[in-house]
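Participant: My questions will all concern the structure given below.
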Amino acid sequence: MKYWAYLVAKLAVAGALLVVLRGVLRYELPKPDAFAGAHPDPFGSDLLYTFAMLLFTLFAVGVVWLIVWDQRYRCRACLRRLRMPILKGSWTHVLFGAPRTEYICPYGHGTLKVAELQITGHQNPDWEPHEDIWKELYALEESKK
């Protein structure tokens with residue numbers, strides 16, 4: 001739940017900043033002259049304003065894309081960035097093990113497996129939570145005895 005709340009908070013802050021930036025752009029750009037007492041909407045009739053709004057829209061889409069991309073590579077439990085990418089599988093032997101990258105939480109909360117090869121369509125990353133890494137290590141040590 002904390003994972004999704006963090007995403008919503010980042011999107012809300014970015015949305016508020018983008019609304020403020022849009023207001024600054026509307027205020028700072030020159031206003032078109034009134035024609036017959038009417039003040040037309042500058043979008044579509046004023047080239048500078050239309051181009052500025054185009055750039056603003058591209059910037060806003062880029063900000064949202066970066067937020068989603070950043071959120072995708074965060075731990076679902078502690079929200080820290082996932083680290084230590086490990087390349088698994090092989091590009092030359094796709095049938096025996098498709099290539100993928102695995103990321104792990106530095107505190108051992110889980111592993112994210114991202115497929116590098118998308119043959120059958122888009123495959124969502126697979127998050128595999130770990131219970132307690134110390135329990136797993138102690139169990140492994142006990143099994144060796």
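FYI, nothing fancy with the structure tokens labels: chains A, B, ... in order, residues from 1 per chain, ligands from 1 as they appear.
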Using only C-alpha atoms, determine which residues lie at most 12 Å from Val94 of chain A, disregarding the query and same-chain residues fewer than 4 positions distant; provide the list as a list in words.
Facilitator: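 Non-adjacent residues within range: Lys88, Gly89, Ser90, Ala98, Pro99, Arg100, Ala115, Glu116, Leu117, Gln118 and Ile119 of chain A.
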Participant: Quick one: write out the picked residues with N, CA and C atoms as a short mmCIF file (atom, residue, chain, number, x, y, z; two decimals), in the first residue's frame?
Facilitator:
data_model
loop_
_atom_site.label_atom_id
_atom_site.label_comp_id
_atom_site.auth_asym_id
_atom_site.auth_seq_id
_atom_site.Cartn_x
_atom_site.Cartn_y
_atom_site.Cartn_z
N LYS A 88 20.73 -12.55 -16.44
CA LYS A 88 20.48 -13.99 -16.43
C LYS A 88 20.05 -14.41 -17.82
N GLY A 89 20.22 -15.67 -18.14
CA GLY A 89 19.81 -16.18 -19.44
C GLY A 89 20.85 -15.86 -20.50
N SER A 90 20.51 -16.17 -21.73
CA SER A 90 21.44 -15.98 -22.83
C SER A 90 20.71 -15.54 -24.08
N ALA A 98 15.54 -17.42 -21.50
CA ALA A 98 15.44 -16.11 -22.14
C ALA A 98 16.22 -15.08 -21.31
N PRO A 99 16.83 -14.10 -21.96
CA PRO A 99 17.60 -13.11 -21.21
C PRO A 99 16.69 -12.22 -20.36
N ARG A 100 17.14 -11.96 -19.16
CA ARG A 100 16.40 -11.09 -18.25
C ARG A 100 17.39 -10.44 -17.30
N ALA A 115 12.13 -8.97 -18.03
CA ALA A 115 12.46 -9.69 -19.25
C ALA A 115 13.09 -8.74 -20.27
N GLU A 116 14.18 -9.17 -20.86
CA GLU A 116 14.86 -8.37 -21.89
C GLU A 116 14.31 -8.66 -23.28
N LEU A 117 13.76 -9.85 -23.46
CA LEU A 117 13.26 -10.28 -24.76
C LEU A 117 11.74 -10.40 -24.69
N GLN A 118 11.05 -9.70 -25.56
CA GLN A 118 9.59 -9.66 -25.56
C GLN A 118 9.07 -10.33 -26.83
N ILE A 119 9.14 -11.65 -26.90
CA ILE A 119 8.71 -12.36 -28.11
C ILE A 119 7.19 -12.46 -28.20
#
Participant: Could you please write out, as a list in words, every residue of segment 65-133 of chain A that DSSP assigns to helix (DSSP H, G or I)?
Facilitator: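 Of segment 65-133 of chain A, the ones in helix (DSSP H, G or I) are Trp65, Leu66, Ile67, Val68, Trp69, Asp70, Gln71, Arg72 and Ile133 of chain A.
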Participant: Using only N, CA and C atoms, please write the residues we just selected to a file, as a compact mmCIF listing (two decimals), in the first residue's frame.
Facilitator:
# COMPACT_ATOMS: atom_id res chain seq x y z
N TRP A 65 6.46 10.31 -17.29
CA TRP A 65 7.16 9.09 -17.69
C TRP A 65 8.32 8.80 -16.74
N LEU A 66 9.09 9.82 -16.36
CA LEU A 66 10.20 9.63 -15.43
C LEU A 66 9.72 9.17 -14.05
N ILE A 67 8.60 9.70 -13.60
CA ILE A 67 8.05 9.29 -12.30
C ILE A 67 7.65 7.82 -12.34
N VAL A 68 6.97 7.40 -13.40
CA VAL A 68 6.56 6.00 -13.51
C VAL A 68 7.77 5.09 -13.65
N TRP A 69 8.77 5.50 -14.44
CA TRP A 69 9.98 4.71 -14.62
C TRP A 69 10.74 4.56 -13.31
N ASP A 70 10.84 5.64 -12.52
CA ASP A 70 11.50 5.59 -11.22
C ASP A 70 10.75 4.67 -10.27
N GLN A 71 9.44 4.74 -10.28
CA GLN A 71 8.63 3.93 -9.37
C GLN A 71 8.75 2.44 -9.69
N ARG A 72 8.92 2.13 -10.94
CA ARG A 72 9.01 0.73 -11.36
C ARG A 72 10.22 0.03 -10.76
N ILE A 133 15.42 -12.47 4.77
CA ILE A 133 16.63 -13.01 4.17
C ILE A 133 17.48 -13.75 5.19
Participant: Using only C-alpha atoms, which protein or nucleic acid residues come within 8 Å of Gly110 of chain A? Drop anything in the same chain fewer than 3 positions from it, and give the result as a list of chain:residue names.
Facilitator: A:Cys75, A:Arg76, A:Ile104, A:Cys105, A:Trp127, A:Glu128, A:Pro129, A:His130
Participant: Can you pull out every residue within 8 Å of Tyr103 of chain A, counting only C-alpha atoms, but drop anything in the same chain fewer than 4 positions away, and send it as a PyMOL selection string?
Facilitator: chain A and resi 82-86+111-113
Participant: Filtering to C-alpha atoms, could you give me those residues as a short mmCIF file (atom, residue, chain, number, x, y, z; two decimals), in the first residue's frame?
Facilitator:
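Produced file selection_16.cif, reproduced below:
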data_model
loop_
_atom_site.label_atom_id
_atom_site.label_comp_id
_atom_site.auth_asym_id
_atom_site.auth_seq_id
_atom_site.Cartn_x
_atom_site.Cartn_y
_atom_site.Cartn_z
CA LEU A 82 16.57 -1.60 -6.40
CA ARG A 83 20.24 -2.32 -6.91
CA MET A 84 22.71 -4.91 -8.15
CA PRO A 85 21.39 -5.77 -11.63
CA ILE A 86 22.28 -9.32 -12.62
CA THR A 111 13.69 -9.38 -6.34
CA LEU A 112 12.42 -7.76 -9.55
CA LYS A 113 12.81 -9.81 -12.73
#
Participant: Report, in Å with one decimal, the straight-line distance from atom CA of His109 of chain A to atom CA of Lys144 of chain A.
Facilitator: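 Result for atom CA of His109 of chain A versus atom CA of Lys144 of chain A: 24.0 Å, one decimal.
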Participant: A:Tyr107, A:Phe43, A:Trp4, A:Phe56: which is nearest Val19 of chain A, counting only C-alpha atoms?
Facilitator: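 Checking each candidate against Val19 of chain A, we get A:Phe56 as the closest.
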Participant: Please run DSSP on the backbone and report, as a list in words, all residues within chain A that come out as strand (DSSP E).
Facilitator: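 Answer for chain A restricted to strand (DSSP E) is Arg83, Met84, Pro85, Ile86, Leu87, Lys88, Arg100, Thr101, Glu102, Tyr103, Ile104, Gly110, Thr111, Leu112, Lys113, Val114, Ala115, Asp126, Trp127, Glu128 and Pro129 of chain A.
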Participant: Neighbours of Asp41 of chain A within 10 Å (only C-alpha atoms; same-chain residues fewer than 6 positions away dropped), as a list in words?
Facilitator: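 Result of the neighbour search: Lys31, Pro32 and Tyr49 of chain A.
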Participant: Can I get the selected residues back with N, CA and C atoms, as a PDB file, in the first residue's frame?
Facilitator:
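In the end it all went to selection26.pdb:
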ATOM      1  N   LYS A  31       0.210  38.692 -24.633  1.00  0.00           N
ATOM      2  CA  LYS A  31      -1.208  38.466 -24.950  1.00  0.00           C
ATOM      3  C   LYS A  31      -1.495  38.955 -26.371  1.00  0.00           C
ATOM      4  N   PRO A  32      -2.332  38.219 -27.119  1.00  0.00           N
ATOM      5  CA  PRO A  32      -2.676  38.696 -28.457  1.00  0.00           C
ATOM      6  C   PRO A  32      -3.587  39.929 -28.368  1.00  0.00           C
ATOM      7  N   TYR A  49       2.685  31.228 -28.541  1.00  0.00           N
ATOM      8  CA  TYR A  49       1.950  30.586 -27.450  1.00  0.00           C
ATOM      9  C   TYR A  49       1.700  29.101 -27.758  1.00  0.00           C
TER      10      TYR A  49
END
Participant: Distance atom CA of Arg80 of chain A-atom CA of Leu137 of chain A, one decimal place?
Facilitator: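 A separation of 22.0 Å between them.
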Participant: Looking at A:Tyr138, A:Thr92, A:Ala60, A:Thr120, which one is nearest to Ala16 of chain A, with distances taken over only C-alpha atoms?
Facilitator: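 Under the stated criterion, the closest residue is A:Ala60.
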